[in-house]
$ cat run-v8.cif   # mmCIF, C-alpha atoms
data_structure
#
loop_
_atom_site.label_atom_id
_atom_site.label_comp_id
_atom_site.auth_asym_id
_atom_site.auth_seq_id
_atom_site.Cartn_x
_atom_site.Cartn_y
_atom_site.Cartn_z
CA MET J 211 -57.03 -0.05 -9.78
CA THR J 212 -60.22 -1.02 -11.59
CA GLN J 213 -63.57 -2.31 -10.39
CA LEU J 214 -62.67 -5.56 -12.22
CA THR J 215 -59.77 -6.31 -9.90
CA SER J 216 -60.67 -8.95 -7.35
CA TYR J 217 -59.08 -9.78 -4.05
CA LYS J 218 -58.67 -12.73 -1.75
CA ALA J 219 -57.03 -13.39 1.57
CA THR J 220 -55.32 -16.73 1.60
CA SER J 221 -54.02 -18.86 4.41
CA ILE J 222 -55.40 -16.90 7.30
CA ARG J 223 -57.29 -17.90 10.44
CA CYS J 224 -59.73 -15.39 11.97
CA ARG J 225 -61.03 -15.13 15.51
CA GLN J 226 -63.46 -12.49 16.68
CA TRP J 227 -64.20 -11.32 20.21
CA GLN J 228 -66.67 -8.44 20.46
CA ASP J 229 -65.09 -5.62 18.44
CA ASP J 230 -61.66 -7.23 18.18
CA TYR J 231 -60.44 -9.44 15.40
CA VAL J 232 -57.28 -11.48 15.62
CA ILE J 233 -55.94 -13.04 12.47
CA TYR J 234 -53.14 -15.53 12.03
CA ASP J 235 -51.19 -15.58 8.79
CA GLN J 236 -50.25 -19.19 8.15
CA LEU J 237 -47.60 -18.22 5.60
CA SER J 238 -45.63 -15.77 7.72
CA GLY J 239 -46.65 -17.01 11.18
CA ASP J 240 -47.58 -13.44 12.12
CA THR J 241 -50.52 -12.67 14.40
CA HIS J 242 -52.39 -9.38 13.94
CA VAL J 243 -55.08 -7.59 15.93
CA LEU J 244 -57.52 -5.70 13.72
CA ASP J 245 -60.34 -3.23 14.22
CA VAL J 246 -63.82 -4.51 13.51
CA VAL J 247 -64.07 -3.09 9.98
CA SER J 248 -60.73 -4.43 8.73
CA GLY J 249 -61.47 -7.68 10.53
CA GLU J 250 -64.85 -8.08 8.83
CA LEU J 251 -63.33 -7.35 5.42
CA ILE J 252 -60.34 -9.66 5.75
CA CYS J 253 -62.40 -12.50 7.18
CA ALA J 254 -64.93 -12.13 4.37
CA LEU J 255 -62.03 -12.23 1.90
CA SER J 256 -60.69 -15.38 3.51
CA LYS J 257 -63.95 -17.12 2.66
CA GLN J 258 -64.37 -15.88 -0.91
CA THR J 259 -62.70 -13.83 -3.61
CA MET J 260 -64.39 -10.43 -3.88
CA SER J 261 -64.34 -7.74 -6.52
CA ARG J 262 -63.53 -4.17 -5.56
CA ALA J 263 -67.16 -3.26 -6.13
CA LYS J 264 -68.29 -6.01 -3.78
CA LEU J 265 -65.79 -4.86 -1.17
CA LEU J 266 -67.11 -1.31 -1.47
CA ALA J 267 -70.65 -2.56 -0.98
CA LEU J 268 -69.64 -4.54 2.11
CA LEU J 269 -67.76 -1.57 3.50
CA THR J 270 -70.75 0.67 2.95
CA GLU J 271 -72.89 -1.77 4.94
CA LEU J 272 -70.35 -1.78 7.76
CA CYS J 273 -69.87 1.99 7.90
CA VAL J 274 -73.35 3.38 7.64
CA ASP J 275 -72.38 6.83 8.87
CA ALA J 276 -69.38 7.29 6.58
CA THR J 277 -69.41 9.36 3.40
CA GLU J 278 -68.68 7.86 0.00
CA SER J 279 -65.22 9.48 -0.12
CA GLU J 280 -64.37 8.24 3.40
CA ILE J 281 -65.30 4.72 2.36
CA GLU J 282 -63.24 4.98 -0.86
CA SER J 283 -60.29 6.26 1.13
CA TYR J 284 -60.63 3.53 3.77
CA LEU J 285 -60.75 0.81 1.11
CA PHE J 286 -57.73 2.25 -0.67
CA ASP J 287 -55.70 2.25 2.55
CA PHE J 288 -56.99 -1.20 3.51
CA ILE J 289 -55.92 -2.76 0.21
CA GLU J 290 -52.53 -1.04 0.26
CA LYS J 291 -51.82 -2.04 3.86
CA PHE J 292 -52.92 -5.65 3.59
CA GLU J 293 -51.22 -6.23 0.24
CA LEU J 294 -48.02 -4.93 1.83
CA LEU J 295 -48.46 -7.37 4.72
CA GLY J 296 -48.92 -10.17 2.20
CA LEU J 297 -52.37 -10.96 3.54
CA LEU J 298 -54.24 -9.84 0.45
CA ILE J 299 -53.70 -10.97 -3.11
CA SER J 300 -55.17 -9.14 -6.09
CA GLU J 301 -56.09 -10.92 -9.30
CA MET B 1051 -55.95 -46.00 39.23
CA SER B 1052 -54.18 -49.16 40.46
CA ASN B 1053 -54.52 -50.18 44.10
CA LEU B 1054 -50.95 -51.43 44.17
CA PRO B 1055 -48.65 -49.43 46.43
CA VAL B 1056 -46.55 -47.00 44.45
CA SER B 1057 -42.92 -46.41 45.39
CA ASN B 1058 -41.74 -42.88 45.45
CA ILE B 1059 -38.39 -41.25 46.01
CA ALA B 1060 -39.17 -40.78 49.72
CA SER B 1061 -39.33 -44.56 50.09
CA LEU B 1062 -35.56 -44.68 49.50
CA SER B 1063 -33.07 -43.93 52.24
CA LYS B 1064 -30.53 -41.25 51.41
CA SER B 1065 -27.82 -43.87 50.82
CA GLN B 1066 -30.16 -45.93 48.61
CA LEU B 1067 -30.98 -42.75 46.70
CA GLN B 1068 -27.29 -41.99 46.26
CA GLN B 1069 -26.62 -45.50 44.93
CA ALA B 1070 -29.62 -45.22 42.61
CA ILE B 1071 -28.57 -41.85 41.17
CA ILE B 1072 -25.07 -43.11 40.42
CA LYS B 1073 -26.55 -45.94 38.37
CA GLY B 1074 -29.58 -44.04 37.09
CA LEU B 1075 -32.68 -42.99 39.00
CA ASP B 1076 -35.90 -43.29 37.00
CA PHE B 1077 -38.79 -41.16 38.22
CA LYS B 1078 -41.93 -39.42 37.09
CA VAL B 1079 -42.32 -35.65 36.73
CA GLY B 1080 -45.92 -34.98 35.76
CA ARG B 1081 -46.37 -37.06 32.61
CA PHE B 1082 -42.67 -37.14 31.82
CA ASN B 1083 -40.32 -39.95 32.71
CA VAL B 1084 -36.83 -38.86 33.69
CA ARG B 1085 -33.63 -40.83 34.22
CA LEU B 1086 -31.03 -38.96 36.23
CA VAL B 1087 -27.46 -40.21 36.39
CA SER B 1088 -24.97 -38.32 38.53
CA PRO B 1089 -22.21 -38.83 41.07
CA ILE B 1090 -22.93 -35.39 42.61
CA VAL B 1091 -23.88 -35.72 46.27
CA GLU B 1092 -25.67 -32.35 46.38
CA LEU B 1093 -28.19 -33.69 43.89
CA VAL B 1094 -29.01 -36.55 46.25
CA THR B 1095 -29.87 -34.00 48.93
CA HIS B 1096 -31.86 -31.94 46.42
CA LEU B 1097 -33.98 -34.89 45.35
CA HIS B 1098 -34.29 -36.18 48.89
CA HIS B 1099 -35.70 -32.83 50.08
CA LEU B 1100 -37.76 -31.76 47.10
CA TYR B 1101 -38.73 -34.81 45.03
CA GLY B 1102 -39.87 -37.20 47.77
CA ALA B 1103 -43.41 -37.52 46.41
CA ASN B 1104 -42.29 -38.31 42.86
CA GLU B 1105 -43.12 -41.82 41.76
CA LEU B 1106 -40.31 -44.21 40.89
CA LEU B 1107 -40.62 -45.88 37.50
CA ALA B 1108 -40.64 -49.54 36.65
CA LYS B 1109 -37.70 -50.93 34.67
CA GLU B 1110 -39.75 -51.34 31.53
CA ASP B 1111 -41.09 -47.77 31.48
CA PHE B 1112 -40.11 -45.56 28.58
CA ILE B 1113 -37.77 -42.73 29.50
CA ASP B 1114 -38.44 -39.32 27.95
CA PHE B 1115 -35.34 -37.53 29.19
CA HIS B 1116 -31.98 -39.18 29.88
CA VAL B 1117 -30.27 -36.57 32.03
CA GLN B 1118 -26.75 -36.62 33.37
CA LEU B 1119 -24.93 -34.13 35.57
CA SER B 1120 -21.21 -34.49 36.06
CA SER B 1121 -18.03 -32.55 36.51
CA PRO B 1122 -15.79 -31.95 33.51
CA SER B 1123 -12.90 -34.40 33.74
CA THR B 1124 -10.15 -31.82 33.68
CA LEU B 1125 -7.73 -30.53 36.26
CA ARG B 1126 -10.15 -27.68 36.83
CA ARG B 1127 -12.29 -29.99 38.96
CA TYR B 1128 -9.68 -29.66 41.71
CA PHE B 1129 -9.30 -25.89 41.95
CA ARG B 1130 -12.56 -24.44 40.57
CA PRO B 1131 -15.00 -27.33 40.19
CA GLN B 1132 -17.81 -27.12 37.69
CA VAL B 1133 -20.83 -29.12 36.66
CA ASN B 1134 -22.20 -29.97 33.23
CA PHE B 1135 -25.75 -30.86 32.25
CA PHE B 1136 -26.27 -33.45 29.52
CA LEU B 1137 -29.37 -34.64 27.72
CA ASP B 1138 -28.71 -37.80 25.71
CA GLY B 1139 -25.02 -37.04 26.00
CA TYR B 1140 -25.42 -33.52 24.59
CA ALA B 1141 -24.50 -30.49 26.72
CA PRO B 1142 -26.81 -27.59 25.81
CA PHE B 1143 -25.24 -25.19 28.33
CA LYS B 1144 -21.82 -24.06 29.38
CA PRO B 1145 -20.73 -25.62 32.69
CA LEU B 1146 -21.66 -23.83 35.90
CA PRO B 1147 -19.89 -23.70 39.26
CA TYR B 1148 -20.24 -27.02 41.08
CA VAL B 1149 -22.26 -25.49 43.93
CA GLN B 1150 -25.00 -24.65 41.43
CA ALA B 1151 -25.61 -28.32 40.50
CA SER B 1152 -29.15 -28.45 41.91
CA ALA B 1153 -30.14 -25.19 40.18
CA LEU B 1154 -28.62 -26.48 36.93
CA PHE B 1155 -30.64 -29.67 37.24
CA GLU B 1156 -33.86 -27.64 37.57
CA TRP B 1157 -32.99 -25.27 34.71
CA GLY B 1158 -31.85 -28.15 32.57
CA LEU B 1159 -35.09 -30.05 33.11
CA ASN B 1160 -37.01 -26.89 32.20
CA TRP B 1161 -35.02 -26.77 28.98
CA CYS B 1162 -35.70 -30.46 28.25
CA ILE B 1163 -39.44 -29.93 28.49
CA ALA B 1164 -39.55 -26.53 26.79
CA SER B 1165 -37.44 -27.76 23.87
CA HIS B 1166 -39.04 -31.13 23.25
CA ALA B 1167 -42.64 -31.33 24.49
CA ASN B 1168 -44.23 -29.87 21.39
CA GLN B 1169 -47.42 -31.83 21.87
CA TYR B 1170 -48.16 -28.87 24.13
CA LEU B 1171 -48.25 -25.17 23.52
CA ILE B 1172 -45.85 -24.12 26.27
CA ILE B 1173 -46.46 -20.78 27.94
CA HIS B 1174 -43.86 -19.26 30.24
CA ALA B 1175 -46.36 -19.08 33.07
CA ALA B 1176 -47.12 -20.40 36.50
CA VAL B 1177 -50.34 -22.38 36.72
CA VAL B 1178 -52.30 -23.19 39.86
CA GLU B 1179 -55.74 -24.63 40.50
CA HIS B 1180 -58.47 -24.02 43.05
CA ASN B 1181 -62.12 -25.05 42.99
CA GLY B 1182 -61.55 -26.91 39.74
CA GLN B 1183 -60.34 -23.75 37.97
CA ALA B 1184 -56.81 -23.40 36.64
CA PHE B 1185 -55.33 -19.91 36.81
CA ILE B 1186 -52.56 -19.22 34.33
CA LEU B 1187 -50.08 -16.52 35.36
CA PRO B 1188 -47.72 -15.64 32.52
CA GLY B 1189 -44.84 -13.37 33.24
CA THR B 1190 -41.30 -12.42 32.55
CA PRO B 1191 -38.70 -12.77 35.32
CA GLY B 1192 -39.39 -10.19 38.00
CA SER B 1193 -43.14 -10.05 37.37
CA GLY B 1194 -43.79 -11.76 40.69
CA LYS B 1195 -45.49 -14.83 39.21
CA SER B 1196 -43.44 -17.38 41.15
CA THR B 1197 -43.85 -15.53 44.46
CA LEU B 1198 -47.59 -15.28 43.91
CA CYS B 1199 -47.65 -18.93 42.86
CA ALA B 1200 -45.74 -20.02 45.99
CA ALA B 1201 -48.04 -17.98 48.26
CA LEU B 1202 -51.15 -19.51 46.65
CA VAL B 1203 -49.73 -23.02 46.86
CA ASN B 1204 -48.89 -22.50 50.54
CA GLN B 1205 -52.56 -21.60 51.02
CA GLY B 1206 -53.68 -24.94 49.62
CA TRP B 1207 -53.94 -24.22 45.92
CA ARG B 1208 -52.83 -27.08 43.69
CA LEU B 1209 -49.53 -26.51 41.89
CA LEU B 1210 -49.44 -27.51 38.24
CA SER B 1211 -46.24 -25.59 37.51
CA ASP B 1212 -44.46 -22.44 38.58
CA GLU B 1213 -42.60 -22.11 35.30
CA MET B 1214 -44.40 -23.54 32.30
CA THR B 1215 -48.01 -24.03 31.39
CA LEU B 1216 -48.46 -27.07 29.17
CA LEU B 1217 -51.56 -26.53 27.05
CA SER B 1218 -52.45 -29.68 25.13
CA THR B 1219 -52.93 -29.00 21.42
CA HIS B 1220 -55.20 -32.07 21.33
CA ASP B 1221 -57.73 -31.54 24.11
CA GLY B 1222 -57.17 -27.95 25.28
CA GLN B 1223 -56.45 -29.01 28.86
CA ILE B 1224 -53.56 -27.91 31.02
CA TYR B 1225 -51.21 -30.78 31.91
CA PRO B 1226 -49.33 -30.53 35.19
CA VAL B 1227 -45.61 -30.70 35.65
CA PRO B 1228 -45.42 -30.11 39.40
CA ARG B 1229 -41.84 -29.44 40.41
CA PRO B 1230 -40.04 -27.35 43.01
CA ILE B 1231 -40.95 -23.66 42.80
CA SER B 1232 -37.97 -21.53 41.86
CA LEU B 1233 -37.76 -18.39 43.98
CA LYS B 1234 -35.20 -15.67 43.63
CA ASN B 1235 -33.60 -13.09 45.87
CA GLN B 1236 -36.05 -11.33 48.27
CA SER B 1237 -38.89 -13.72 47.30
CA ILE B 1238 -37.17 -16.51 49.24
CA ASP B 1239 -37.37 -14.60 52.54
CA VAL B 1240 -40.89 -13.35 51.79
CA ILE B 1241 -42.17 -16.92 51.44
CA LYS B 1242 -40.08 -18.25 54.35
CA LYS B 1243 -41.49 -15.53 56.61
CA ARG B 1244 -45.09 -16.16 55.51
CA SER B 1245 -44.83 -19.94 55.73
CA PRO B 1246 -42.07 -20.97 58.16
CA GLN B 1247 -43.01 -24.63 57.63
CA SER B 1248 -42.01 -24.39 53.93
CA VAL B 1249 -39.29 -26.79 52.86
CA PHE B 1250 -36.55 -25.30 50.71
CA GLY B 1251 -33.65 -26.95 48.98
CA GLN B 1252 -30.16 -25.52 49.04
CA ILE B 1253 -30.07 -21.73 48.68
CA VAL B 1254 -27.59 -21.00 45.90
CA ASN B 1255 -25.93 -17.58 45.73
CA ASP B 1256 -24.33 -15.75 42.83
CA THR B 1257 -26.12 -17.53 40.00
CA VAL B 1258 -26.92 -15.66 36.78
CA LYS B 1259 -30.35 -15.07 38.32
CA GLY B 1260 -29.00 -13.95 41.69
CA THR B 1261 -29.76 -16.01 44.80
CA VAL B 1262 -31.98 -18.97 43.96
CA GLY B 1263 -33.93 -21.29 46.24
CA HIS B 1264 -36.34 -24.07 45.35
CA LEU B 1265 -39.48 -24.61 47.39
CA CYS B 1266 -40.79 -28.16 47.80
CA PRO B 1267 -44.07 -28.71 45.91
CA PRO B 1268 -47.06 -30.01 47.90
CA GLU B 1269 -47.21 -33.81 47.98
CA LEU B 1270 -50.79 -33.85 46.76
CA SER B 1271 -49.93 -31.69 43.73
CA VAL B 1272 -47.18 -34.13 42.77
CA GLN B 1273 -49.49 -37.11 43.27
CA MET B 1274 -52.03 -35.44 40.97
CA GLY B 1275 -49.36 -34.92 38.33
CA GLU B 1276 -51.24 -37.12 35.84
CA TYR B 1277 -54.48 -35.18 35.97
CA PRO B 1278 -55.10 -32.26 33.62
CA VAL B 1279 -57.54 -29.42 34.19
CA PHE B 1280 -59.22 -26.79 32.04
CA ALA B 1281 -58.07 -23.20 32.42
CA ALA B 1282 -60.54 -20.61 33.64
CA LYS B 1283 -58.47 -17.46 34.19
CA LEU B 1284 -55.55 -15.97 32.32
CA ILE B 1285 -53.97 -13.32 34.53
CA PHE B 1286 -50.87 -11.29 33.75
CA PRO B 1287 -49.37 -10.37 37.14
CA LYS B 1288 -47.00 -7.50 37.74
CA TYR B 1289 -45.38 -6.93 41.10
CA LYS B 1290 -44.37 -3.35 41.79
CA GLN B 1291 -43.28 -2.11 45.18
CA GLY B 1292 -46.00 0.06 46.70
CA ALA B 1293 -48.52 -0.70 43.96
CA GLU B 1294 -52.23 -0.85 44.81
CA THR B 1295 -53.90 -4.21 44.31
CA GLU B 1296 -55.62 -3.76 40.98
CA LEU B 1297 -57.29 -6.27 38.71
CA SER B 1298 -58.39 -4.98 35.31
CA THR B 1299 -60.07 -6.83 32.49
CA LEU B 1300 -57.93 -7.43 29.43
CA SER B 1301 -59.49 -7.81 25.99
CA LYS B 1302 -59.14 -11.30 24.56
CA SER B 1303 -57.23 -10.05 21.54
CA LYS B 1304 -54.65 -8.29 23.72
CA ALA B 1305 -54.47 -11.31 26.03
CA LEU B 1306 -53.80 -13.56 23.03
CA LEU B 1307 -51.02 -11.34 21.72
CA ARG B 1308 -49.37 -11.07 25.14
CA ALA B 1309 -49.64 -14.79 25.82
CA ALA B 1310 -48.22 -15.55 22.35
CA GLY B 1311 -45.19 -13.47 23.32
CA ASP B 1312 -44.80 -15.57 26.48
CA CYS B 1313 -44.87 -18.91 24.63
CA PHE B 1314 -41.78 -20.99 23.99
CA ASN B 1315 -43.11 -22.68 20.85
CA TYR B 1316 -45.99 -20.58 19.46
CA ASN B 1317 -44.15 -19.95 16.19
CA LEU B 1318 -42.93 -23.52 15.97
CA LEU B 1319 -46.45 -24.93 16.22
CA GLY B 1320 -47.79 -22.56 13.56
CA VAL B 1321 -51.53 -22.62 13.07
CA GLN B 1322 -51.89 -25.33 15.73
CA GLY B 1323 -50.35 -22.89 18.21
CA PHE B 1324 -52.77 -20.15 17.19
CA ASP B 1325 -55.77 -22.47 17.39
CA SER B 1326 -54.71 -23.71 20.83
CA LEU B 1327 -54.03 -20.26 22.20
CA SER B 1328 -57.19 -18.72 20.79
CA GLY B 1329 -59.14 -21.63 22.26
CA LEU B 1330 -57.55 -20.96 25.64
CA VAL B 1331 -58.30 -17.24 25.49
CA GLU B 1332 -61.86 -18.03 24.45
CA GLN B 1333 -62.48 -20.15 27.56
CA CYS B 1334 -60.68 -17.86 30.03
CA ALA B 1335 -61.53 -14.59 31.68
CA CYS B 1336 -58.45 -12.44 31.00
CA TYR B 1337 -56.97 -9.83 33.34
CA GLU B 1338 -53.99 -7.68 34.15
CA PHE B 1339 -53.08 -7.74 37.81
CA HIS B 1340 -50.87 -5.26 39.63
CA TYR B 1341 -49.92 -5.88 43.23
CA SER B 1342 -47.46 -5.37 46.03
CA ASN B 1343 -49.44 -6.82 48.95
CA LEU B 1344 -49.57 -10.63 48.89
CA ASP B 1345 -52.37 -10.86 51.48
CA GLU B 1346 -54.66 -8.73 49.33
CA ALA B 1347 -53.63 -10.73 46.27
CA LEU B 1348 -54.56 -14.02 47.96
CA ILE B 1349 -57.98 -12.71 49.02
CA LEU B 1350 -58.70 -11.48 45.53
CA PHE B 1351 -57.58 -14.72 43.88
CA THR B 1352 -59.70 -16.77 46.26
CA GLU B 1353 -62.73 -14.62 45.43
CA LEU B 1354 -62.00 -15.03 41.72
CA SER B 1355 -61.83 -18.80 42.08
CA HIS B 1356 -65.45 -18.79 43.24
CA GLN B 1357 -66.66 -16.85 40.19
#

$ encode --input "run-v8.cif" --output "C-alpha cells"
Amino acid sequence: MTQLTSYKATSIRCRQWQDDYVIYDQLSGDTHVLDVVSGELICALSKQTMSRAKLLALLTELCVDATESEIESYLFDFIEKFELLGLLISE
Amino acid sequence: MSNLPVSNIASLSKSQLQQAIIKGLDFKVGRFNVRLVSPIVELVTHLHHLYGANELLAKEDFIDFHVQLSSPSTLRRYFRPQVNFFLDGYAPFKPLPYVQASALFEWGLNWCIASHANQYLIIHAAVVEHNGQAFILPGTPGSGKSTLCAALVNQGWRLLSDEMTLLSTHDGQIYPVPRPISLKNQSIDVIKKRSPQSVFGQIVNDTVKGTVGHLCPPELSVQMGEYPVFAAKLIFPKYKQGAETELSTLSKSKALLRAAGDCFNYNLLGVQGFDSLSGLVEQCACYEFHYSNLDEALILFTELSHQ
C-alpha cells in the first residue's frame, strides 16, 4: 500500500445523527451503522477521491488524542474492512 | 370534499349486500379500490359487521384489487369444505378451511397491498394518530402492537392501520388504510373486557395464528381514510407478562435498522426506501417500549401525544 494509492466510496448514501452514521450501499442494498470516525471517513470518500495521505490527515484531525501508530492501524483496518464490504475502491 | 351524500356499505341491507357481493361489490379501503366477488355468505356477515363505514364506489371508478373468494369446485366441498383467495384470478395461497373465509379475506387483502403498493414504503406496523401526531408501532407477531393499537383506538385515537404503515415515498406522509383490527388469542378477551361495546366479527378458531377475531374500526377513522398525516413517534412495543411499563429512547440509527427489518419492501425500493425511512426516522422521536399493563401504556401514550 503506497501513499499514492487513492480511494473512493461509490454509490453510497450517508445519514448522520449525533455520533451515529448510517450508510446505504446502493449496489448491494445493504444498510450499515458506523461509528463517528468511520462514518466521517466514508462520507468524505463518497464526496471525493482521497489519497492515503489525505485520509491520514483527516483521521488525525478526527482523533486528536490518538498516537500516530494508532491512527495508522485504524486506517489500515478501515481500508481492509470497507474494501471487503465493497464500499471502498482503491485506484 | 363533495357535499353529495356518499353511499357506504351500511346503506345496503344484508340481502342487498349479498346480491352485490355475488356480482361484485366495489368499495373503498383507504385510498385503494377493491372489488370483491364471492358466493360465501359468511363474507356478507363479515362486511356487514365490520365494513359498514366503507364508501361504495361508482361504476366508473378504477379498481386496484379484483378479489374473489370461492370454494374449490371438487367433491371436497361436500365433506371438508375449503375456500380459495384469488387476485386477478391468481391464487397466492393454499386453500383454507371454509370457516376461515373472513380471516382469509383480511389476510389476502393485506397481501394485495403489501405486494403491490410500492408507491409506499410499507412497514409491518400499527399506526394510530392523536393530537395530529401519528405514532408508528412496528412489531413482529406477539409484540402486542395490535392489542395496544386496539386499546388506543377504543380510547378515541384515530386508526390508520393495525397491520401496515404506508409511508409515501413522494411526500413522506403516512397514508391510512383503516380496516378491522386483527386480534389473536387472549388479546380478544382483553379488548372485549376493556370495551364491552366493541364490535367483533366472527371469532375463528384453529387458524395458523391460533384464534383470530377482527375488531370493527371506528367509523370516523374509515371516513378519514383519504387523509394522510405526518409521523411524530416511532415506538417499538414489546409486551411481556409482568413487565414494568418502560419507555426508553432509541438512537435514530438503531431505529432505522430495526424499522428496515420490519419493512415489506425496503430492499425492493432500494435507495428510495432508504431515503424514505431515514426521512421518517429524522422526523420522529424513537423509542423502545416494554409493557404489560395496558392502562399505564394508555396514560403514557396520551402524555407522549402532547409532547

$ atom_distance --input "run-v8.cif" --atom1 "atom CA of B:Gly1222" --atom2 "atom CA of B:Gly1189"
20.7 Å

$ closest_atom_pairs --input "run-v8.cif" --of "chain B" --to "chain J" --cutoff "10 Å" --atoms "all atoms listed in the file" --output "JSON lines"
{"residue": "B:Ser1301", "atom": "CA", "partner": "J:Asp230", "partner_atom": "CA", "distance": 8.1}
{"residue": "B:Lys1302", "atom": "CA", "partner": "J:Trp227", "partner_atom": "CA", "distance": 6.7}
{"residue": "B:Ser1303", "atom": "CA", "partner": "J:Val232", "partner_atom": "CA", "distance": 6.1}
{"residue": "B:Lys1304", "atom": "CA", "partner": "J:Val243", "partner_atom": "CA", "distance": 7.8}
{"residue": "B:Leu1306", "atom": "CA", "partner": "J:Val232", "partner_atom": "CA", "distance": 8.4}
{"residue": "B:Leu1307", "atom": "CA", "partner": "J:Thr241", "partner_atom": "CA", "distance": 7.5}
{"residue": "B:Ala1310", "atom": "CA", "partner": "J:Thr241", "partner_atom": "CA", "distance": 8.8}
{"residue": "B:Tyr1316", "atom": "CA", "partner": "J:Gly239", "partner_atom": "CA", "distance": 9.0}
{"residue": "B:Asn1317", "atom": "CA", "partner": "J:Gly239", "partner_atom": "CA", "distance": 6.3}
{"residue": "B:Leu1318", "atom": "CA", "partner": "J:Gly239", "partner_atom": "CA", "distance": 8.9}
{"residue": "B:Leu1319", "atom": "CA", "partner": "J:Gly239", "partner_atom": "CA", "distance": 9.4}
{"residue": "B:Gly1320", "atom": "CA", "partner": "J:Gly239", "partner_atom": "CA", "distance": 6.1}
{"residue": "B:Val1321", "atom": "CA", "partner": "J:Gln236", "partner_atom": "CA", "distance": 6.1}
{"residue": "B:Gln1322", "atom": "CA", "partner": "J:Gln236", "partner_atom": "CA", "distance": 9.9}
{"residue": "B:Gly1323", "atom": "CA", "partner": "J:Gly239", "partner_atom": "CA", "distance": 9.9}
{"residue": "B:Phe1324", "atom": "CA", "partner": "J:Tyr234", "partner_atom": "CA", "distance": 6.9}
{"residue": "B:Asp1325", "atom": "CA", "partner": "J:Arg223", "partner_atom": "CA", "distance": 8.5}
{"residue": "B:Ser1328", "atom": "CA", "partner": "J:Arg225", "partner_atom": "CA", "distance": 7.5}
{"residue": "B:Gly1329", "atom": "CA", "partner": "J:Arg225", "partner_atom": "CA", "distance": 9.6}
{"residue": "B:Val1331", "atom": "CA", "partner": "J:Trp227", "partner_atom": "CA", "distance": 9.9}
{"residue": "B:Glu1332", "atom": "CA", "partner": "J:Trp227", "partner_atom": "CA", "distance": 8.3}

$ atom_distance --input "run-v8.cif" --atom1 "atom CA of B:Ser1355" --atom2 "atom CA of B:Leu1187"
13.7 Å

$ residues_around --input "run-v8.cif" --residues "B:Gly1192" --least-positions-apart "6" --cutoff "12 Å" --atoms "only C-alpha atoms" --output "VMD selection string"
chain B and resid 1198 1233 to 1237 1259 to 1260 1287 to 1291

$ resolve_selection --input "run-v8.cif" --expression "the PyMOL selection byres ((chain J and resi 289-293) around 12)" --output "ChimeraX atom specification"
/J:211,215-220,233,235,242,244,248-249,251-252,255,261-262,265-266,282-288,294-301

$ resolve_selection --input "run-v8.cif" --expression "the PyMOL selection byres ((chain B and resi 1079) around 7)" --output "list of chain:residue names"
B:Phe1077, B:Lys1078, B:Gly1080, B:Arg1081, B:Phe1082, B:Asn1083, B:Asn1104, B:Val1227, B:Pro1228

$ resolve_selection --input "run-v8.cif" --expression "the PyMOL selection byres ((chain B and resi 1348) around 12)" --output "PDB file with C-alpha atoms, keeping the file's coordinate frame"
ATOM      1  CA  HIS B1180     -58.470 -24.020  43.050  1.00  0.00           C
ATOM      2  CA  THR B1197     -43.850 -15.530  44.460  1.00  0.00           C
ATOM      3  CA  LEU B1198     -47.590 -15.280  43.910  1.00  0.00           C
ATOM      4  CA  CYS B1199     -47.650 -18.930  42.860  1.00  0.00           C
ATOM      5  CA  ALA B1200     -45.740 -20.020  45.990  1.00  0.00           C
ATOM      6  CA  ALA B1201     -48.040 -17.980  48.260  1.00  0.00           C
ATOM      7  CA  LEU B1202     -51.150 -19.510  46.650  1.00  0.00           C
ATOM      8  CA  VAL B1203     -49.730 -23.020  46.860  1.00  0.00           C
ATOM      9  CA  ASN B1204     -48.890 -22.500  50.540  1.00  0.00           C
ATOM     10  CA  GLN B1205     -52.560 -21.600  51.020  1.00  0.00           C
ATOM     11  CA  GLY B1206     -53.680 -24.940  49.620  1.00  0.00           C
ATOM     12  CA  TRP B1207     -53.940 -24.220  45.920  1.00  0.00           C
ATOM     13  CA  THR B1295     -53.900  -4.210  44.310  1.00  0.00           C
ATOM     14  CA  TYR B1341     -49.920  -5.880  43.230  1.00  0.00           C
ATOM     15  CA  SER B1342     -47.460  -5.370  46.030  1.00  0.00           C
ATOM     16  CA  ASN B1343     -49.440  -6.820  48.950  1.00  0.00           C
ATOM     17  CA  LEU B1344     -49.570 -10.630  48.890  1.00  0.00           C
ATOM     18  CA  ASP B1345     -52.370 -10.860  51.480  1.00  0.00           C
ATOM     19  CA  GLU B1346     -54.660  -8.730  49.330  1.00  0.00           C
ATOM     20  CA  ALA B1347     -53.630 -10.730  46.270  1.00  0.00           C
ATOM     21  CA  ILE B1349     -57.980 -12.710  49.020  1.00  0.00           C
ATOM     22  CA  LEU B1350     -58.700 -11.480  45.530  1.00  0.00           C
ATOM     23  CA  PHE B1351     -57.580 -14.720  43.880  1.00  0.00           C
ATOM     24  CA  THR B1352     -59.700 -16.770  46.260  1.00  0.00           C
ATOM     25  CA  GLU B1353     -62.730 -14.620  45.430  1.00  0.00           C
ATOM     26  CA  LEU B1354     -62.000 -15.030  41.720  1.00  0.00           C
ATOM     27  CA  SER B1355     -61.830 -18.800  42.080  1.00  0.00           C
TER      28      SER B1355
END

$ closest_residue --input "run-v8.cif" --among "B:Gln1169, B:Ser1152, B:Ser1245, B:Ser1211" --to "B:Ala1184" --atoms "all atoms listed in the file"
B:Ser1211

$ atom_distance --input "run-v8.cif" --atom1 "atom CA of B:Tyr1170" --atom2 "atom CA of B:Leu1284"
17.0 Å

$ residues_around --input "run-v8.cif" --residues "J:Ile281" --least-positions-apart "6" --cutoff "9 Å" --atoms "only C-alpha atoms" --output "list of chain:residue names"
J:Leu266, J:Leu269, J:Thr270, J:Cys273

$ residues_around --input "run-v8.cif" --residues "B:Ser1248" --least-positions-apart "2" --cutoff "8 Å" --atoms "all atoms listed in the file" --output "list in words"
Asn1204, Ile1241, Lys1242, Ser1245, Pro1246, Phe1250, Leu1265 and Cys1266 of chain B

$ residues_around --input "run-v8.cif" --residues "B:Val1178" --least-positions-apart "5" --cutoff "6 Å" --atoms "all atoms listed in the file" --output "list in words"
Ala1184, Phe1185, Arg1208, Leu1209 and Leu1210 of chain B

$ closest_residue --input "run-v8.cif" --among "B:Ser1326, B:Gln1357, B:Gln1068, B:Thr1215" --to "B:Ile1163" --atoms "only C-alpha atoms"
B:Thr1215

$ decode --input "run-v8.cif" --residues "stretch 1064-1068 of chain B" --atoms "C-alpha atoms" --output "compact mmCIF listing (two decimals), in the first residue's frame"
# COMPACT_ATOMS: atom_id res chain seq x y z
CA LYS B 1064 -77.90 -7.64 4.24
CA SER B 1065 -79.75 -9.20 1.30
CA GLN B 1066 -78.71 -6.31 -0.99
CA LEU B 1067 -75.14 -6.78 0.21
CA GLN B 1068 -75.32 -10.50 -0.53
